[in-house]
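Structure file start14.cif (mmCIF, C-alpha atoms) is printed below.
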```cif
data_data
loop_
_atom_site.group_PDB
_atom_site.id
_atom_site.type_symbol
_atom_site.label_atom_id
_atom_site.label_comp_id
_atom_site.auth_asym_id
_atom_site.auth_seq_id
_atom_site.Cartn_x
_atom_site.Cartn_y
_atom_site.Cartn_z
ATOM 1 C CA MET A 61 0.000 0.000 0.000
ATOM 2 C CA ILE A 62 1.371 3.359 -1.057
ATOM 3 C CA GLN A 63 1.215 6.307 1.328
ATOM 4 C CA LEU A 64 2.389 9.795 0.432
ATOM 5 C CA LEU A 65 2.985 12.511 2.997
ATOM 6 C CA VAL A 66 1.910 15.806 1.446
ATOM 7 C CA SER A 67 2.276 18.044 4.516
ATOM 8 C CA ASP A 68 1.921 17.831 8.288
ATOM 9 C CA LYS A 69 -1.876 17.979 7.768
ATOM 10 C CA ILE A 70 -2.361 16.094 4.484
ATOM 11 C CA LYS A 71 -1.641 12.433 3.796
ATOM 12 C CA LEU A 72 -2.539 10.359 0.741
ATOM 13 C CA LYS A 73 -3.276 6.702 1.435
ATOM 14 C CA GLN A 74 -3.905 4.205 -1.329
ATOM 15 C CA LEU A 75 -7.566 3.215 -1.540
ATOM 16 C CA GLN A 76 -8.603 0.080 0.396
ATOM 17 C CA ILE A 77 -11.809 -1.841 1.077
ATOM 18 C CA ILE A 78 -11.932 -0.450 4.632
ATOM 19 C CA ASP A 79 -12.435 3.046 3.172
ATOM 20 C CA ALA A 80 -15.768 2.214 1.533
ATOM 21 C CA THR A 81 -18.084 3.352 4.323
ATOM 22 C CA VAL A 82 -16.486 6.753 4.893
ATOM 23 C CA ILE A 83 -16.323 7.420 1.139
ATOM 24 C CA PHE A 84 -19.948 6.422 0.659
ATOM 25 C CA ASN A 85 -21.126 8.476 3.651
ATOM 26 C CA THR A 86 -19.339 11.538 2.296
ATOM 27 C CA ILE A 87 -20.979 11.112 -1.105
ATOM 28 C CA ASP A 88 -24.372 10.318 0.407
ATOM 29 C CA THR A 89 -24.447 13.388 2.660
ATOM 30 C CA GLN A 90 -23.232 15.750 -0.087
ATOM 31 C CA ARG A 91 -25.152 14.514 -3.125
ATOM 32 C CA GLN A 92 -26.263 17.919 -4.365
ATOM 33 C CA TYR A 93 -22.850 19.513 -3.909
ATOM 34 C CA LEU A 94 -20.794 16.653 -5.406
ATOM 35 C CA GLY A 95 -23.381 15.683 -8.020
ATOM 36 C CA GLU A 96 -23.204 19.049 -9.768
ATOM 37 C CA TRP A 97 -19.878 18.091 -11.389
ATOM 38 C CA LEU A 98 -19.425 14.362 -10.751
ATOM 39 C CA PRO A 99 -21.565 11.954 -12.796
ATOM 40 C CA PHE A 100 -20.860 8.919 -10.568
ATOM 41 C CA VAL A 101 -22.690 10.461 -7.594
ATOM 42 C CA GLU A 102 -26.131 9.626 -8.984
ATOM 43 C CA SER A 103 -25.278 5.941 -9.394
ATOM 44 C CA THR A 104 -23.669 5.640 -5.947
ATOM 45 C CA ILE A 105 -26.788 4.550 -4.064
ATOM 46 C CA THR A 106 -25.413 2.166 -1.430
ATOM 47 C CA VAL A 107 -22.110 1.384 0.241
ATOM 48 C CA GLU A 108 -22.060 -1.691 -2.015
ATOM 49 C CA ASP A 109 -21.684 0.654 -5.012
ATOM 50 C CA THR A 110 -18.599 2.146 -3.389
ATOM 51 C CA LEU A 111 -17.265 -1.340 -2.621
ATOM 52 C CA ASN A 112 -17.790 -2.273 -6.274
ATOM 53 C CA PHE A 113 -15.755 0.777 -7.324
ATOM 54 C CA ILE A 114 -12.925 -0.148 -4.960
ATOM 55 C CA HIS A 115 -12.976 -3.761 -6.223
ATOM 56 C CA SER A 116 -12.926 -2.543 -9.835
ATOM 57 C CA VAL A 117 -9.765 -0.579 -9.083
ATOM 58 C CA SER A 118 -8.011 -3.282 -7.079
ATOM 59 C CA GLU A 119 -8.904 -6.106 -9.487
ATOM 60 C CA THR A 120 -7.742 -4.325 -12.645
ATOM 61 C CA PRO A 121 -4.460 -5.743 -13.969
ATOM 62 C CA GLU A 122 -1.580 -3.816 -12.443
ATOM 63 C CA SER A 123 -0.226 -2.771 -15.837
ATOM 64 C CA PHE A 124 -3.090 -0.279 -16.207
ATOM 65 C CA ARG A 125 -4.604 -0.056 -12.728
ATOM 66 C CA GLU A 126 -5.587 3.373 -11.512
ATOM 67 C CA LEU A 127 -3.743 4.635 -8.457
ATOM 68 C CA VAL A 128 -6.485 6.036 -6.236
ATOM 69 C CA PHE A 129 -5.735 7.669 -2.908
ATOM 70 C CA CYS A 130 -7.861 8.747 0.022
ATOM 71 C CA ILE A 131 -6.999 12.282 1.026
ATOM 72 C CA ASN A 132 -6.728 12.529 4.790
ATOM 73 C CA TYR A 133 -6.715 16.002 6.294
ATOM 74 C CA CYS A 134 -5.794 16.178 9.989
ATOM 75 C CA GLY A 135 -6.639 12.476 10.198
ATOM 76 C CA ASN A 136 -10.089 12.802 8.601
ATOM 77 C CA PHE A 137 -11.256 11.603 5.198
ATOM 78 C CA ALA A 138 -11.532 14.628 2.891
ATOM 79 C CA GLY A 139 -11.834 13.208 -0.643
ATOM 80 C CA LEU A 140 -10.182 11.156 -3.365
ATOM 81 C CA ILE A 141 -7.404 11.855 -5.836
ATOM 82 C CA GLY A 142 -5.809 9.525 -8.323
ATOM 83 C CA LEU A 143 -3.912 8.759 -11.484
ATOM 84 C CA LYS A 144 -5.993 7.242 -14.280
ATOM 85 C CA PHE A 145 -4.449 4.806 -16.763
ATOM 86 C CA ASN A 146 -5.388 2.721 -19.755
ATOM 87 C CA PRO A 147 -3.014 0.452 -21.701
ATOM 88 C CA ALA A 148 -2.040 3.194 -24.154
ATOM 89 C CA ASP A 149 -1.328 5.617 -21.319
ATOM 90 C CA LYS A 150 1.326 3.428 -19.714
ATOM 91 C CA ALA A 151 2.940 2.714 -23.096
ATOM 92 C CA ASN A 152 3.093 6.434 -23.812
ATOM 93 C CA ARG A 153 4.112 7.347 -20.231
ATOM 94 C CA ARG A 154 1.103 9.562 -19.602
ATOM 95 C CA THR A 155 -1.720 9.783 -17.083
ATOM 96 C CA GLU A 156 -4.602 11.960 -15.987
ATOM 97 C CA ILE A 157 -5.220 13.245 -12.471
ATOM 98 C CA GLY A 158 -8.773 13.159 -11.187
ATOM 99 C CA TYR A 159 -9.987 14.423 -7.834
ATOM 100 C CA TRP A 160 -12.914 15.407 -5.661
ATOM 101 C CA LEU A 161 -13.087 16.999 -2.241
ATOM 102 C CA SER A 162 -15.730 17.135 0.470
ATOM 103 C CA ASN A 163 -17.412 20.518 0.758
ATOM 104 C CA VAL A 164 -16.241 21.021 4.356
ATOM 105 C CA TYR A 165 -12.573 20.874 3.286
ATOM 106 C CA GLN A 166 -12.748 23.383 0.438
ATOM 107 C CA LYS A 167 -10.469 26.443 0.261
ATOM 108 C CA LYS A 168 -7.626 24.973 2.331
ATOM 109 C CA GLY A 169 -5.253 24.187 -0.569
ATOM 110 C CA ILE A 170 -5.735 20.450 -0.036
ATOM 111 C CA ILE A 171 -6.262 19.479 -3.681
ATOM 112 C CA THR A 172 -3.553 21.824 -4.969
ATOM 113 C CA GLU A 173 -0.988 20.369 -2.552
ATOM 114 C CA SER A 174 -2.150 16.787 -3.121
ATOM 115 C CA ALA A 175 -2.054 17.174 -6.914
ATOM 116 C CA ALA A 176 1.458 18.631 -6.745
ATOM 117 C CA LYS A 177 2.569 15.619 -4.701
ATOM 118 C CA LEU A 178 1.023 13.254 -7.270
ATOM 119 C CA VAL A 179 2.716 15.120 -10.123
ATOM 120 C CA ASN A 180 6.080 14.655 -8.386
ATOM 121 C CA TYR A 181 5.303 10.977 -7.769
ATOM 122 C CA ALA A 182 4.219 10.415 -11.373
ATOM 123 C CA PHE A 183 7.318 12.068 -12.833
ATOM 124 C CA ASP A 184 9.943 10.943 -10.308
ATOM 125 C CA VAL A 185 8.781 7.461 -9.266
ATOM 126 C CA LEU A 186 6.610 6.256 -12.152
ATOM 127 C CA ASN A 187 8.816 7.963 -14.777
ATOM 128 C CA LEU A 188 5.834 9.368 -16.675
ATOM 129 C CA ASN A 189 6.234 12.156 -19.204
ATOM 130 C CA ARG A 190 2.802 13.792 -19.457
ATOM 131 C CA ILE A 191 -0.004 14.482 -16.993
ATOM 132 C CA ALA A 192 -3.415 15.866 -17.926
ATOM 133 C CA ILE A 193 -6.151 17.346 -15.774
ATOM 134 C CA LYS A 194 -9.647 17.680 -17.239
ATOM 135 C CA CYS A 195 -12.299 19.885 -15.647
ATOM 136 C CA ALA A 196 -15.893 20.505 -16.664
ATOM 137 C CA VAL A 197 -16.325 23.894 -18.311
ATOM 138 C CA GLY A 198 -17.782 26.125 -15.626
ATOM 139 C CA ASN A 199 -16.279 24.227 -12.672
ATOM 140 C CA GLU A 200 -14.083 27.114 -11.586
ATOM 141 C CA ARG A 201 -12.906 25.541 -8.326
ATOM 142 C CA SER A 202 -11.597 22.511 -10.168
ATOM 143 C CA SER A 203 -9.988 24.398 -13.036
ATOM 144 C CA LYS A 204 -8.038 26.621 -10.638
ATOM 145 C CA ILE A 205 -5.971 23.599 -9.597
ATOM 146 C CA PRO A 206 -4.083 22.996 -12.869
ATOM 147 C CA ARG A 207 -3.687 26.742 -13.415
ATOM 148 C CA ARG A 208 -2.151 27.184 -9.942
ATOM 149 C CA LEU A 209 0.249 24.327 -10.663
ATOM 150 C CA GLY A 210 1.389 25.820 -13.968
ATOM 151 C CA PHE A 211 -0.337 23.325 -16.267
ATOM 152 C CA GLU A 212 -0.846 24.525 -19.826
ATOM 153 C CA TYR A 213 -4.379 24.955 -21.122
ATOM 154 C CA GLU A 214 -4.682 22.899 -24.306
ATOM 155 C CA GLY A 215 -8.292 23.448 -25.272
ATOM 156 C CA THR A 216 -11.807 22.135 -24.828
ATOM 157 C CA GLU A 217 -12.841 18.536 -25.272
ATOM 158 C CA ARG A 218 -16.365 18.932 -26.593
ATOM 159 C CA ASP A 219 -19.004 16.698 -25.006
ATOM 160 C CA GLY A 220 -16.207 15.042 -23.039
ATOM 161 C CA GLU A 221 -18.261 13.654 -20.174
ATOM 162 C CA LEU A 222 -21.722 12.097 -20.065
ATOM 163 C CA PHE A 223 -23.997 12.616 -17.063
ATOM 164 C CA PRO A 224 -26.641 10.071 -16.022
ATOM 165 C CA ASP A 225 -29.493 12.301 -17.212
ATOM 166 C CA GLY A 226 -28.110 12.069 -20.761
ATOM 167 C CA HIS A 227 -26.495 15.489 -21.112
ATOM 168 C CA PHE A 228 -22.847 15.964 -22.000
ATOM 169 C CA VAL A 229 -20.476 18.562 -20.605
ATOM 170 C CA ASP A 230 -17.433 20.037 -22.286
ATOM 171 C CA LEU A 231 -14.082 19.568 -20.546
ATOM 172 C CA GLU A 232 -11.187 21.996 -20.251
ATOM 173 C CA VAL A 233 -7.941 20.095 -20.862
ATOM 174 C CA TYR A 234 -4.708 21.082 -19.106
ATOM 175 C CA SER A 235 -1.342 19.321 -19.287
ATOM 176 C CA MET A 236 2.112 19.269 -17.767
ATOM 177 C CA LEU A 237 5.202 17.688 -19.272
ATOM 178 C CA LYS A 238 8.014 16.315 -17.147
ATOM 179 C CA LYS A 239 10.515 18.713 -18.730
ATOM 180 C CA ASP A 240 8.336 21.710 -17.776
ATOM 181 C CA TRP A 241 7.642 20.743 -14.150
ATOM 182 C CA LYS A 242 9.415 22.884 -11.583
#
```
In structure tokens, how does this file's structure come out?
Amino acid sequence: MIQLLVSDKIKLKQLQIIDATVIFNTIDTQRQYLGEWLPFVESTITVEDTLNFIHSVSETPESFRELVFCINYCGNFAGLIGLKFNPADKANRRTEIGYWLSNVYQKKGIITESAAKLVNYAFDVLNLNRIAIKCAVGNERSSKIPRRLGFEYEGTERDGELFPDGHFVDLEVYSMLKKDWK
């Protein structure tokens, strides 16, 4: 199990089965807030749905398994952050960072610091070359993260994400290359 110390208050701990209840409870008590930008919220009805997600991550072949971390802030669960992979991503030494944060932990720099730690890990330990962050157009809180970290805006992925009600949202695409990271 991978653990990354971000700061004296923030720790990233690789996702485990024992995290299912706290993750589900966070989603369940913040459905309106989280569901505005995260399509999976609507289909996360029971703790079993969260367990199924964790199993889907842990049972994926290691060669293209996502690295998903619980964000712990002062010892409390605050959200998730991770590196997404598919077979082509590993072959091309690239990944995408995805994240979400509980409403009560907003505006503390938690995602910015956690994403920076993951960027370092991806470049230094995993020897990746390119990292992307995609944010729904209009999700200003999310899109501030790659801009703060110096990611380059590449453009808009039209209809990049499908929501359960059948509507698509456009995604802003940001990237960082290993050679450009501070």
Give as a short mmCIF file (atom, residue, chain, number, x, y, z; two decimals) with C-alpha atoms, keeping the file's coordinate frame the residues that the PyMOL selection byres ((chain A and resi 184-200) around 6) matches when applied to the coordinates above.
```cif
data_model
loop_
_atom_site.label_atom_id
_atom_site.label_comp_id
_atom_site.auth_asym_id
_atom_site.auth_seq_id
_atom_site.Cartn_x
_atom_site.Cartn_y
_atom_site.Cartn_z
CA ARG A 153 4.11 7.35 -20.23
CA ARG A 154 1.10 9.56 -19.60
CA THR A 155 -1.72 9.78 -17.08
CA GLU A 156 -4.60 11.96 -15.99
CA ILE A 157 -5.22 13.24 -12.47
CA ASN A 180 6.08 14.66 -8.39
CA TYR A 181 5.30 10.98 -7.77
CA ALA A 182 4.22 10.42 -11.37
CA PHE A 183 7.32 12.07 -12.83
CA ARG A 201 -12.91 25.54 -8.33
CA SER A 202 -11.60 22.51 -10.17
CA SER A 203 -9.99 24.40 -13.04
CA ASP A 230 -17.43 20.04 -22.29
CA LEU A 231 -14.08 19.57 -20.55
CA GLU A 232 -11.19 22.00 -20.25
CA VAL A 233 -7.94 20.10 -20.86
CA TYR A 234 -4.71 21.08 -19.11
CA SER A 235 -1.34 19.32 -19.29
CA MET A 236 2.11 19.27 -17.77
CA LEU A 237 5.20 17.69 -19.27
CA LYS A 238 8.01 16.32 -17.15
#
```
Query - Atom-to-atom span, CA of Thr89 (chain A) and CA of Ser118 (chain A), Å - result: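 A separation of 25.4 Å between them.
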Requested in this report: Could you state which residues are captured by the PyMOL selection byres ((chain A and resi 71-75) around 6) in this file, as a list in words?
Outcome: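 That selection, the PyMOL selection byres ((chain A and resi 71-75) around 6), comes back as Met61, Ile62, Gln63, Leu64, Leu65, Val66, Ile70, Gln76, Val128, Phe129, Cys130, Ile131 and Asn132 of chain A.
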Query raised in the report: Separation of CA of Leu178 (chain A) and CA of Ala80 (chain A), in Å?
Result: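 One can read the CA of Leu178 (chain A) to CA of Ala80 (chain A) distance as 21.9 Å.
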Query raised in the report: Between CA of Arg125 (chain A) and CA of Lys144 (chain A), what is the spacing in Å?
Result: 7.6 Å
Query raised in the report: For Asn146 (chain A), which residue among A:Leu98, A:Glu126, A:Cys134, A:Val117 is the nearest when counting all atoms listed in the file?
Result: A:Glu126
Requested in this report: Counting all atoms listed in the file, select every polymer residue within 6 Å of (-13.7, 16.4, 2.9) as defined in the file's coordinates, and provide the selection as a PyMOL selection string.
Outcome: chain A and resi 137-139+161-165
Requested in this report: Name the residues within 12 Å of (-14.9, 2.0, 3.7), counting only C-alpha atoms in the file's coordinates, and put them as a list of chain:residue names.
Outcome: A:Leu75, A:Gln76, A:Ile77, A:Ile78, A:Asp79, A:Ala80, A:Thr81, A:Val82, A:Ile83, A:Phe84, A:Asn85, A:Thr86, A:Ile87, A:Thr106, A:Val107, A:Glu108, A:Asp109, A:Thr110, A:Leu111, A:Asn112, A:Phe113, A:Ile114, A:His115, A:Cys130, A:Phe137
Please define a box with edges along x, y and z of the file around all atoms of region 188-191 of chain A given in the file, extend it by 4 Å on each side, and return its centre and edge lengths in Å to one decimal, as lines of an AutoDock Vina configuration file.
```
center_x = 3.1
center_y = 11.9
center_z = -18.1
size_x = 14.2
size_y = 13.1
size_z = 10.8
```
Query raised in the report: Smallest atom-to-atom distance to Phe145 (chain A): which of A:Val229, A:Tyr159, A:Lys168, A:Thr120, using all atoms listed in the file?
Result: A:Thr120
**Report entry** Near-Phe228 (chain A) list (12 Å; all atoms listed in the file; drop same-chain fewer than 2 positions) as a list in words
**Finding:**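 Final neighbour list, sorted by chain and number: Trp97, Leu98, Pro99, Ala196, Val197, Glu217, Arg218, Asp219, Gly220, Glu221, Leu222, Phe223, Pro224, Asp225, Gly226, Asp230 and Leu231 of chain A.
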